[in-house]
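Shown next: entry-v6.txt, given as compact mmCIF, C-alpha atoms (C1' of nucleotides).
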# COMPACT_ATOMS: atom_id res chain seq x y z
CA MET A 121 57.94 150.58 103.99
CA SER A 122 61.48 151.85 104.13
CA LEU A 123 64.43 149.54 104.05
CA ILE A 124 65.40 150.45 107.59
CA ASP A 125 61.89 149.82 108.85
CA HIS A 126 61.99 146.54 107.04
CA LEU A 127 65.21 145.55 108.78
CA ASN A 128 63.79 146.49 112.15
CA TRP A 129 60.71 144.47 111.46
CA LEU A 130 62.94 141.60 110.40
CA ASP A 131 64.71 141.65 113.75
CA GLU A 132 61.37 141.59 115.50
CA GLY A 133 60.27 138.66 113.40
CA ILE A 134 63.37 136.69 114.26
CA ALA A 135 62.84 137.50 117.91
CA GLY A 136 59.30 136.21 117.60
CA VAL A 137 60.54 132.97 116.12
CA ARG A 138 63.15 132.61 118.83
CA ALA A 139 60.41 132.89 121.40
CA ALA A 140 59.05 129.63 120.05
CA ILE A 141 62.34 128.03 118.99
CA PRO A 142 65.15 129.37 121.17
CA GLU A 143 67.83 127.35 119.37
CA MET A 144 67.34 129.49 116.30
CA PRO A 145 70.63 131.31 115.66
CA GLU A 146 70.41 135.09 115.58
CA ASP A 147 72.70 134.96 112.59
CA ALA A 148 69.61 134.31 110.53
CA ALA A 149 68.89 138.01 110.83
CA LEU A 150 72.28 138.86 109.35
CA CYS A 151 71.61 136.49 106.47
CA ARG A 152 68.27 138.04 105.74
CA THR A 153 69.67 141.53 106.06
CA LEU A 154 72.32 140.66 103.55
CA MET A 155 69.76 139.23 101.17
CA LEU A 156 67.46 142.19 101.54
CA LEU A 157 70.28 144.63 100.89
CA SER A 158 71.38 142.66 97.90
CA GLU A 159 67.88 142.75 96.46
CA HIS A 160 67.80 146.51 96.80
CA ILE A 161 71.19 146.92 95.18
CA GLN A 162 70.09 144.61 92.40
CA THR A 163 66.97 146.73 91.93
CA GLU A 164 69.17 149.79 91.86
CA PHE A 165 71.37 148.27 89.16
CA GLU A 166 68.46 147.20 87.04
CA TYR A 167 66.93 150.61 87.43
CA LYS A 168 70.02 152.12 85.87
CA LEU A 169 70.22 149.46 83.19
CA ARG A 170 66.62 149.63 82.04
CA PRO A 171 67.04 152.74 79.90
CA TYR A 172 69.75 150.87 78.03
CA LYS A 173 67.56 147.81 77.56
CA LEU A 174 70.02 145.55 79.32
CA ASN A 175 69.34 143.10 82.09
CA ASP A 176 71.92 142.29 84.69
CA SER A 177 73.03 139.03 83.09
CA GLU A 178 73.68 140.73 79.80
CA PHE A 179 75.40 143.58 81.60
CA ARG A 180 77.73 141.28 83.51
CA THR A 181 78.56 139.40 80.33
CA LEU A 182 79.30 142.59 78.46
CA MET A 183 81.37 143.95 81.34
CA THR A 184 83.41 140.78 81.52
CA LEU A 185 84.38 141.20 77.91
CA PHE A 186 84.99 144.90 78.43
CA SER A 187 87.31 144.21 81.35
CA ARG A 188 89.71 142.30 79.13
CA PRO A 189 92.33 144.10 77.09
CA ASP A 190 91.56 141.92 74.07
CA GLY A 191 87.84 141.91 74.80
CA ILE A 192 87.63 138.19 74.10
CA SER A 193 86.10 135.20 75.81
CA THR A 194 84.06 132.07 75.06
CA PRO A 195 80.54 131.12 76.10
CA GLY A 196 81.83 128.37 78.37
CA GLU A 197 84.13 130.71 80.22
CA LEU A 198 81.46 133.37 80.52
CA CYS A 199 79.09 130.79 81.95
CA VAL A 200 81.49 130.23 84.83
CA PHE A 201 82.18 133.91 85.43
CA THR A 202 78.61 135.10 85.25
CA SER A 203 77.05 132.07 86.96
CA GLN A 204 74.81 131.33 84.02
CA GLY A 205 73.83 128.10 82.35
CA ALA A 206 74.99 127.41 78.82
CA THR A 207 71.46 127.78 77.51
CA ASN A 208 71.21 131.25 78.91
CA MET A 209 74.59 132.27 77.62
CA THR A 210 73.52 131.43 74.11
CA ARG A 211 70.51 133.65 74.50
CA ILE A 212 72.53 136.47 76.05
CA ALA A 213 75.06 136.25 73.24
CA ASN A 214 72.23 136.38 70.71
CA ALA A 215 70.92 139.55 72.29
CA LEU A 216 74.30 141.26 72.44
CA VAL A 217 75.22 140.25 68.91
CA LYS A 218 71.92 141.52 67.59
CA ARG A 219 72.68 144.91 69.12
CA GLY A 220 76.15 144.97 67.64
CA LEU A 221 77.83 145.15 71.04
CA ILE A 222 79.76 141.93 70.52
CA THR A 223 80.72 139.61 67.70
CA ARG A 224 80.53 135.86 67.73
CA GLY A 225 82.48 133.51 65.52
CA PRO A 226 84.13 130.11 65.50
CA SER A 227 87.50 129.72 67.15
CA ALA A 228 90.48 129.06 64.91
CA GLU A 229 92.30 126.67 67.25
CA ASP A 230 89.39 124.60 68.45
CA ARG A 231 86.46 124.72 66.11
CA ARG A 232 84.03 123.45 68.71
CA ARG A 233 84.52 126.71 70.47
CA VAL A 234 82.93 130.04 69.84
CA VAL A 235 84.77 133.29 70.32
CA MET A 236 82.86 136.24 71.63
CA GLN A 237 84.47 139.66 71.39
CA ILE A 238 83.29 143.08 72.35
CA THR A 239 83.09 145.44 69.39
CA ALA A 240 84.32 149.03 69.20
CA SER A 241 80.69 150.02 69.37
CA GLY A 242 80.29 147.86 72.46
CA ARG A 243 83.22 149.58 74.12
CA ARG A 244 81.80 152.99 73.31
CA PHE A 245 78.47 151.87 74.70
CA VAL A 246 80.06 150.86 78.01
CA GLN A 247 82.15 154.03 78.16
CA LYS A 248 78.99 156.06 77.82
CA MET A 249 76.65 154.00 79.96
CA LEU A 250 78.80 152.94 82.88
CA PRO A 251 79.57 156.42 84.26
CA THR A 252 75.86 157.10 84.67
CA MET A 253 75.91 154.53 87.44
CA PHE A 254 78.71 156.16 89.40
CA PRO A 255 76.85 158.94 91.22
CA ARG A 256 74.33 156.65 92.85
CA LEU A 257 76.99 154.03 93.48
CA LYS A 258 78.96 156.63 95.41
CA LEU A 259 75.88 157.56 97.39
CA ILE A 260 75.40 153.97 98.45
CA PHE A 261 78.78 154.08 100.16
CA SER A 262 78.66 157.64 101.35
CA GLY A 263 79.87 158.00 104.89
CA PHE A 264 82.03 154.90 104.61
CA SER A 265 85.56 155.42 105.85
CA ASP A 266 88.41 153.45 104.37
CA ALA A 267 88.41 151.41 107.55
CA ASP A 268 84.73 150.67 107.05
CA ARG A 269 85.40 149.50 103.53
CA ARG A 270 88.28 147.29 104.57
CA ASN A 271 86.23 145.90 107.41
CA LEU A 272 83.24 145.14 105.23
CA ARG A 273 85.44 143.51 102.67
CA ARG A 274 87.13 141.40 105.30
CA LEU A 275 83.87 140.24 106.82
CA LEU A 276 82.26 139.45 103.51
CA ARG A 277 85.32 137.45 102.48
CA LYS A 278 85.18 135.56 105.73
CA LEU A 279 81.58 134.75 104.98
CA ALA A 280 82.54 133.68 101.48
CA ASN A 281 85.19 131.41 102.88
CA ASN A 282 82.70 129.67 105.12
CA LEU A 283 80.20 129.35 102.32
CA SER A 284 82.82 127.70 100.15
CA GLN A 285 83.52 125.12 102.83
CA LEU A 286 79.83 124.49 103.10
CA GLU A 287 79.45 123.74 99.45
CA TYR A 288 82.40 121.42 99.47
CA GLU A 289 81.32 119.52 102.54
CA ALA A 290 77.84 118.84 101.32
CA GLY A 291 78.58 118.36 97.65
CA ASP A 292 75.96 120.88 96.64
CA PRO A 293 75.25 121.48 92.98
CA PRO A 294 76.33 125.16 92.77
CA MET B 94 84.90 127.68 90.37
CA SER B 95 84.89 128.33 94.09
CA LEU B 96 83.26 131.35 95.61
CA ILE B 97 86.59 132.74 96.75
CA ASP B 98 88.11 132.31 93.30
CA HIS B 99 85.07 134.03 91.93
CA LEU B 100 85.57 136.99 94.25
CA ASN B 101 89.22 137.24 93.29
CA TRP B 102 88.31 137.13 89.67
CA LEU B 103 85.73 139.82 90.31
CA ASP B 104 88.39 142.12 91.75
CA GLU B 105 90.53 141.54 88.70
CA GLY B 106 87.62 142.33 86.45
CA ILE B 107 86.94 145.59 88.22
CA ALA B 108 90.62 146.44 87.98
CA GLY B 109 90.45 145.76 84.26
CA VAL B 110 87.50 148.11 83.89
CA ARG B 111 89.25 150.79 85.91
CA ALA B 112 92.17 150.58 83.53
CA ALA B 113 89.82 151.89 80.84
CA ILE B 114 87.56 154.04 83.05
CA PRO B 115 89.55 155.25 86.05
CA GLU B 116 86.58 157.11 87.57
CA MET B 117 84.88 153.79 88.25
CA PRO B 118 84.49 153.51 92.04
CA GLU B 119 86.09 150.48 93.62
CA ASP B 120 82.95 150.17 95.71
CA ALA B 121 81.45 148.37 92.75
CA ALA B 122 83.44 145.35 93.86
CA LEU B 123 81.86 145.48 97.29
CA CYS B 124 78.43 145.67 95.70
CA ARG B 125 79.07 142.68 93.53
CA THR B 126 80.61 140.74 96.40
CA LEU B 127 77.50 141.38 98.42
CA MET B 128 75.28 140.26 95.58
CA LEU B 129 77.32 137.16 94.95
CA LEU B 130 77.26 136.19 98.60
CA SER B 131 73.55 136.78 98.77
CA GLU B 132 73.01 134.52 95.80
CA HIS B 133 74.94 131.74 97.46
CA ILE B 134 73.06 132.14 100.71
CA GLN B 135 69.83 132.13 98.77
CA THR B 136 70.90 128.94 97.05
CA GLU B 137 71.75 127.50 100.42
CA PHE B 138 68.30 128.34 101.76
CA GLU B 139 66.52 126.91 98.79
CA TYR B 140 68.62 123.80 99.02
CA LYS B 141 67.32 123.24 102.52
CA LEU B 142 63.75 124.13 101.54
CA ARG B 143 63.51 121.92 98.49
CA PRO B 144 62.88 118.69 100.42
CA TYR B 145 59.90 120.42 102.00
CA LYS B 146 58.60 121.61 98.64
CA LEU B 147 58.71 125.23 99.68
CA ASN B 148 60.20 128.12 97.82
CA ASP B 149 61.65 131.10 99.61
CA SER B 150 58.62 133.33 99.14
CA GLU B 151 56.33 130.76 100.64
CA PHE B 152 58.83 130.16 103.42
CA ARG B 153 59.07 133.82 104.32
CA THR B 154 55.31 134.13 104.31
CA LEU B 155 54.90 131.12 106.53
CA MET B 156 57.64 132.30 108.88
CA THR B 157 56.05 135.72 109.20
CA LEU B 158 52.86 134.12 110.40
CA PHE B 159 54.80 131.78 112.65
CA SER B 160 56.65 134.67 114.25
CA ARG B 161 53.42 136.13 115.58
CA PRO B 162 51.91 134.95 118.81
CA ASP B 163 48.45 134.85 117.25
CA GLY B 164 49.77 133.59 113.92
CA ILE B 165 47.59 136.06 112.05
CA SER B 166 48.11 138.50 109.21
CA THR B 167 46.49 139.69 106.00
CA PRO B 168 47.62 139.40 102.39
CA GLY B 169 48.24 143.11 102.15
CA GLU B 170 50.44 143.17 105.20
CA LEU B 171 52.34 140.10 104.05
CA CYS B 172 52.91 141.74 100.69
CA VAL B 173 54.76 144.56 102.41
CA PHE B 174 56.77 142.31 104.70
CA THR B 175 57.77 139.79 102.09
CA SER B 176 58.25 142.26 99.22
CA GLN B 177 55.75 140.49 97.03
CA GLY B 178 53.04 141.76 94.74
CA ALA B 179 49.43 141.13 95.64
CA THR B 180 49.04 138.70 92.78
CA ASN B 181 51.86 136.59 94.08
CA MET B 182 50.57 136.62 97.60
CA THR B 183 47.32 135.15 96.38
CA ARG B 184 49.21 132.33 94.74
CA ILE B 185 51.40 131.78 97.79
CA ALA B 186 48.37 131.71 100.03
CA ASN B 187 46.71 129.21 97.71
CA ALA B 188 49.71 126.94 97.97
CA LEU B 189 49.95 127.16 101.75
CA VAL B 190 46.21 126.67 102.25
CA LYS B 191 46.21 123.66 99.98
CA ARG B 192 48.89 122.10 102.16
CA GLY B 193 46.94 122.84 105.32
CA LEU B 194 49.71 125.03 106.73
CA ILE B 195 47.51 128.10 106.96
CA THR B 196 43.83 128.99 106.85
CA ARG B 197 42.26 131.82 104.92
CA GLY B 198 38.93 133.45 105.66
CA PRO B 199 37.15 136.79 105.56
CA SER B 200 37.84 139.30 108.30
CA ALA B 201 35.03 140.04 110.72
CA GLU B 202 35.73 143.76 111.14
CA ASP B 203 36.45 144.66 107.55
CA ARG B 204 34.94 142.29 105.09
CA ARG B 205 37.18 143.44 102.26
CA ARG B 206 40.03 141.90 104.11
CA VAL B 207 41.18 138.36 104.27
CA VAL B 208 42.68 136.84 107.38
CA MET B 209 45.48 134.36 107.01
CA GLN B 210 46.42 132.31 110.03
CA ILE B 211 48.98 129.60 110.54
CA THR B 212 47.42 126.29 111.60
CA ALA B 213 48.59 123.97 114.36
CA SER B 214 49.85 121.71 111.62
CA GLY B 215 51.71 124.66 110.13
CA ARG B 216 53.38 125.38 113.46
CA ARG B 217 54.40 121.76 113.82
CA PHE B 218 55.76 121.85 110.31
CA VAL B 219 57.95 124.85 111.07
CA GLN B 220 59.06 123.39 114.40
CA LYS B 221 60.23 120.30 112.59
CA MET B 222 61.68 121.88 109.46
CA LEU B 223 63.39 125.00 110.74
CA PRO B 224 65.96 123.30 112.99
CA THR B 225 67.31 121.37 110.02
CA MET B 226 68.64 124.68 108.75
CA PHE B 227 70.54 125.55 111.92
CA PRO B 228 73.71 123.48 111.50
CA ARG B 229 74.64 124.93 108.15
CA LEU B 230 73.54 128.37 109.23
CA LYS B 231 75.99 128.13 112.10
CA LEU B 232 78.73 127.03 109.76
CA ILE B 233 78.19 130.08 107.60
CA PHE B 234 79.10 132.27 110.56
CA SER B 235 81.72 130.02 112.07
CA GLY B 236 84.77 131.94 113.18
CA PHE B 237 82.76 135.13 113.64
CA SER B 238 83.40 136.83 116.93
CA ASP B 239 80.70 138.88 118.59
CA ALA B 240 82.62 141.94 117.52
CA ASP B 241 82.56 140.69 113.93
CA ARG B 242 78.82 140.22 114.10
CA ARG B 243 78.25 143.67 115.55
CA ASN B 244 80.54 145.17 112.98
CA LEU B 245 78.86 143.46 110.08
CA ARG B 246 75.48 144.44 111.36
CA ARG B 247 76.58 148.04 111.75
CA LEU B 248 78.03 148.23 108.26
CA LEU B 249 75.06 146.59 106.62
CA ARG B 250 72.73 148.96 108.42
CA LYS B 251 74.80 151.88 107.27
CA LEU B 252 74.46 150.61 103.75
CA ALA B 253 70.74 150.20 104.23
CA ASN B 254 70.49 153.73 105.45
CA ASN B 255 72.19 155.07 102.34
CA LEU B 256 70.06 152.90 100.10
CA SER B 257 66.92 154.29 101.72
CA GLN B 258 68.06 157.84 101.02
CA LEU B 259 68.71 156.84 97.45
CA GLU B 260 65.24 155.56 96.90
CA TYR B 261 63.74 158.65 98.42
CA GLU B 262 65.85 161.09 96.48
CA ALA B 263 65.11 159.53 93.13
CA GLY B 264 61.54 158.49 93.72
CA ASP B 265 62.21 154.94 92.66
CA PRO B 266 59.36 152.48 92.43
CA PRO B 267 60.44 150.06 95.17
C1' DG C 128 20.89 157.99 102.58
C1' DG C 129 22.82 158.05 98.13
C1' DT C 130 26.90 159.11 95.15
C1' DG C 131 31.61 158.87 94.45
C1' DC C 132 36.15 157.52 95.64
C1' DA C 133 39.51 154.49 97.94
C1' DT C 134 40.99 149.94 99.50
C1' DA C 135 41.61 144.71 99.45
C1' DG C 136 41.81 140.87 97.18
C1' DT C 137 41.34 137.83 93.21
C1' DT C 138 41.58 136.41 88.34
C1' DC C 139 43.62 136.03 83.90
C1' DA C 140 46.84 136.48 80.55
C1' DC C 141 51.40 137.58 79.97
C1' DT C 142 56.49 138.27 80.44
C1' DG C 143 61.19 137.12 81.46
C1' DA C 144 64.68 134.49 83.29
C1' DT C 145 66.23 130.06 83.77
C1' DG C 146 66.78 124.86 83.48
C1' DG C 147 67.00 120.02 81.30
C1' DA C 148 67.27 116.82 77.59
C1' DA C 149 68.42 115.90 73.15
C1' DT C 150 71.38 117.19 69.31
C1' DA C 151 75.34 118.60 66.28
C1' DA C 152 80.02 119.44 65.48
C1' DA C 153 84.61 118.89 66.62
C1' DT C 154 88.36 116.95 69.22
C1' DG C 155 91.21 113.49 71.39
C1' DA C 156 92.44 108.93 73.07
C1' DT C 157 93.18 104.13 72.31
C1' DA D 215 88.77 103.79 62.89
C1' DT D 216 85.96 104.12 66.71
C1' DC D 217 84.23 105.79 70.89
C1' DA D 218 84.04 109.02 74.62
C1' DT D 219 84.36 113.95 75.72
C1' DT D 220 83.86 118.76 75.14
C1' DT D 221 81.35 122.84 73.39
C1' DA D 222 77.62 125.11 71.96
C1' DT D 223 72.95 125.29 70.37
C1' DT D 224 67.94 124.24 70.01
C1' DC D 225 63.56 123.11 71.80
C1' DC D 226 60.48 122.62 75.41
C1' DA D 227 59.05 123.32 80.02
C1' DT D 228 58.86 125.72 84.42
C1' DC D 229 58.42 129.08 87.75
C1' DA D 230 58.25 133.47 89.88
C1' DG D 231 56.57 137.71 89.24
C1' DT D 232 53.69 141.70 86.83
C1' DG D 233 49.83 144.59 84.91
C1' DA D 234 45.13 145.41 83.95
C1' DA D 235 40.54 144.46 84.71
C1' DC D 236 37.10 143.12 87.97
C1' DT D 237 34.52 142.37 92.51
C1' DA D 238 33.31 143.51 96.88
C1' DT D 239 33.47 146.32 100.58
C1' DG D 240 34.09 150.41 103.27
C1' DC D 241 34.40 155.54 103.98
C1' DA D 242 33.41 160.44 103.22
C1' DC D 243 30.87 164.05 101.91
C1' DC D 244 27.07 166.48 100.60
As structure tokens, what does this structure read like?
Amino acid sequence: MSLIDHLNWLDEGIAGVRAAIPEMPEDAALCRTLMLLSEHIQTEFEYKLRPYKLNDSEFRTLMTLFSRPDGISTPGELCVFTSQGATNMTRIANALVKRGLITRGPSAEDRRRVVMQITASGRRFVQKMLPTMFPRLKLIFSGFSDADRRNLRRLLRKLANNLSQLEYEAGDPP
Amino acid sequence: MSLIDHLNWLDEGIAGVRAAIPEMPEDAALCRTLMLLSEHIQTEFEYKLRPYKLNDSEFRTLMTLFSRPDGISTPGELCVFTSQGATNMTRIANALVKRGLITRGPSAEDRRRVVMQITASGRRFVQKMLPTMFPRLKLIFSGFSDADRRNLRRLLRKLANNLSQLEYEAGDPP
DNA sequence: GGTGCATAGTTCACTGATGGAATAAATGAT
DNA sequence: ATCATTTATTCCATCAGTGAACTATGCACC
């Protein structure tokens, strides 16, 4: 079943539900569409990462370090940025250290802390691996005008804004 | 860290990567934004489902049956619609049957098949549970004009279209 | 009408990602 | 000096999801 067919079926399903519960907001379809798309993009990412024996959490962690001029961060900080628990971050760090992509050592200033830093080898790895994702990434947005991009960005940010409110109002865990 | 802060940080991160690898498409930020939003929406859904002891896979399966006038489907069909493997669908069906929300029996026409049908109790359950999700769902899209909705839908569909092509061209598993 | 192949579903054993509680080391506050 | 807090790690548990083997049924073809 193609993604488009799936979306069409989704709309039908929502319509079916609304036949029984008319108060159901149609926005549910947009939510599900978003989630379905995200799943596919995620699959796409993991498909490109598999040959490099990286999962997405490890990839995001490595990329966060790569994105910094000094290539440095701490587990606690990376937990926040990559939305991972501390337990996981330890495991991710183990994996990346074992592969020589990062180093891990105690911090000089605060010896409770651990400093993680991308290695030269890690940088080379990213330089080599990342570009292989570009062609398909471009295809995903093929046919998008600059206006489309701006529009999508604006709408997604609007959504993000509302979601933030939501979390605050209800005191949700995440 | 709020979602908006996270998105801003994400943009910075991408900018940092582009400093080292200028060919990196900025669309990566849109991808990640989408994924991040989807995660939050997912969290939101599961937050509302937890009190009912349902996970999202079970919920989607139940809703698919609910959306049909006759409330009937088969495991195979539900696998396609809910993007689950057959093994999982068996487990999901087990869980829903045990709770009396659906029935499961052999098909009359084709005795290889199994027929899953939502029960009256299952319908009542959905009627009671689903509306509790509406208020927050509405908040997520608060401030969205009809034009915004149409626009978002259009752009997401465009994305879906491109993603479909992608899968076809590369012969990916999903 | 029997043989062979395809389909549908289940079972079992496994993986892989994540989470929680308890712990250790270091820091800071009083 | 002591106690609470922060940071990271370890261990154990969970949960969704997967792959391979198996069963039962149906379909096609000769």
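Within 12 Å of chain C, chain A contributes the residues A:Asn175, A:Asp176, A:Ser177, A:Glu178, A:Ser203, A:Gln204, A:Gly205, A:Ala206, A:Thr207, A:Asn208, A:Met209, A:Arg211, A:Ile212, A:Pro226, A:Ser227, A:Ala228, A:Glu229, A:Asp230, A:Arg231, A:Arg232, A:Arg233, A:Val234, using all atoms listed in the file.
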Restricted to C-alpha atoms, what would the selected residues look like written as a short mmCIF file (atom, residue, chain, number, x, y, z; two decimals), in the coordinates of the input?
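As a result, again-v2.cif now contains:
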data_model
loop_
_atom_site.label_atom_id
_atom_site.label_comp_id
_atom_site.auth_asym_id
_atom_site.auth_seq_id
_atom_site.Cartn_x
_atom_site.Cartn_y
_atom_site.Cartn_z
CA ASN A 175 69.34 143.10 82.09
CA ASP A 176 71.92 142.29 84.69
CA SER A 177 73.03 139.03 83.09
CA GLU A 178 73.68 140.73 79.80
CA SER A 203 77.05 132.07 86.96
CA GLN A 204 74.81 131.33 84.02
CA GLY A 205 73.83 128.10 82.35
CA ALA A 206 74.99 127.41 78.82
CA THR A 207 71.46 127.78 77.51
CA ASN A 208 71.21 131.25 78.91
CA MET A 209 74.59 132.27 77.62
CA ARG A 211 70.51 133.65 74.50
CA ILE A 212 72.53 136.47 76.05
CA PRO A 226 84.13 130.11 65.50
CA SER A 227 87.50 129.72 67.15
CA ALA A 228 90.48 129.06 64.91
CA GLU A 229 92.30 126.67 67.25
CA ASP A 230 89.39 124.60 68.45
CA ARG A 231 86.46 124.72 66.11
CA ARG A 232 84.03 123.45 68.71
CA ARG A 233 84.52 126.71 70.47
CA VAL A 234 82.93 130.04 69.84
#
Pick from D:DT221, D:DC243, D:DT216, D:DT232 nearest to chain B, counting all atoms listed in the file: D:DT232
Restrict the calculation to only C-alpha atoms, then for each residue of chain A with any atom at most 6 Å from an atom of chain B give the closest atom pair and their distance in Å to one decimal, rows by chain and rising residue number, as a Markdown table.
| residue | atom | partner | partner_atom | distance |
| --- | --- | --- | --- | --- |
| A:Leu123 | CA | B:Ser257 | CA | 5.8 |
| A:Gly133 | CA | B:Ser160 | CA | 5.5 |
| A:Gly136 | CA | B:Ser160 | CA | 4.5 |
| A:Val137 | CA | B:Ser160 | CA | 4.6 |
| A:Met155 | CA | B:Ser131 | CA | 5.1 |
| A:Ser158 | CA | B:Met128 | CA | 5.1 |
| A:Ser187 | CA | B:Gly109 | CA | 4.6 |
| A:Ile260 | CA | B:Asn255 | CA | 5.2 |
| A:Asn282 | CA | B:Ile233 | CA | 5.2 |
| A:Leu283 | CA | B:Ile233 | CA | 5.7 |
| A:Ser284 | CA | B:Leu96 | CA | 5.8 |
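Interatomic distance, atom CA of B:Ile211 to atom C1' of D:DG233: 29.7 Å.
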Hey, could you make a per-residue contact list for chain D against chain B with 9 Å as the cut-off, showing the nearest pair of atoms and its distance in Å to one decimal, counting only C-alpha atoms (C1' of nucleotides), sorted by chain and number, as a Markdown table?
| residue | atom | partner | partner_atom | distance |
| --- | --- | --- | --- | --- |
| D:DA230 | C1' | B:Asn181 | CA | 8.3 |
| D:DG231 | C1' | B:Asn181 | CA | 6.8 |
| D:DT232 | C1' | B:Gly178 | CA | 7.9 |
| D:DA238 | C1' | B:Arg205 | CA | 6.6 |
| D:DT239 | C1' | B:Arg205 | CA | 5.0 |
| D:DG240 | C1' | B:Asp203 | CA | 7.5 |
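Reported to one decimal place, the separation of atom CA of A:Cys199 from atom C1' of D:DC225 is 20.1 Å.
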For atom CA of A:Leu198 and atom CA of A:Thr181, the interatomic separation in Å (one decimal): 6.7 Å
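Those residues that approach B:Gln210 to within 8 Å, counting only C-alpha atoms (C1' of nucleotides), are Leu158, Asp163, Gly164, Ile165, Ser166, Ile195, Thr196, Arg197, Val208 and Thr212 of chain B; same-chain residues fewer than 2 positions away are not listed.
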Please save C-alpha atoms of the selected residues as a PDB file, in the frame of the given file.
ATOM      1  CA  LEU B 158      52.860 134.120 110.400  1.00  0.00           C
ATOM      2  CA  ASP B 163      48.450 134.850 117.250  1.00  0.00           C
ATOM      3  CA  GLY B 164      49.770 133.590 113.920  1.00  0.00           C
ATOM      4  CA  ILE B 165      47.590 136.060 112.050  1.00  0.00           C
ATOM      5  CA  SER B 166      48.110 138.500 109.210  1.00  0.00           C
ATOM      6  CA  ILE B 195      47.510 128.100 106.960  1.00  0.00           C
ATOM      7  CA  THR B 196      43.830 128.990 106.850  1.00  0.00           C
ATOM      8  CA  ARG B 197      42.260 131.820 104.920  1.00  0.00           C
ATOM      9  CA  VAL B 208      42.680 136.840 107.380  1.00  0.00           C
ATOM     10  CA  THR B 212      47.420 126.290 111.600  1.00  0.00           C
TER      11      THR B 212
END
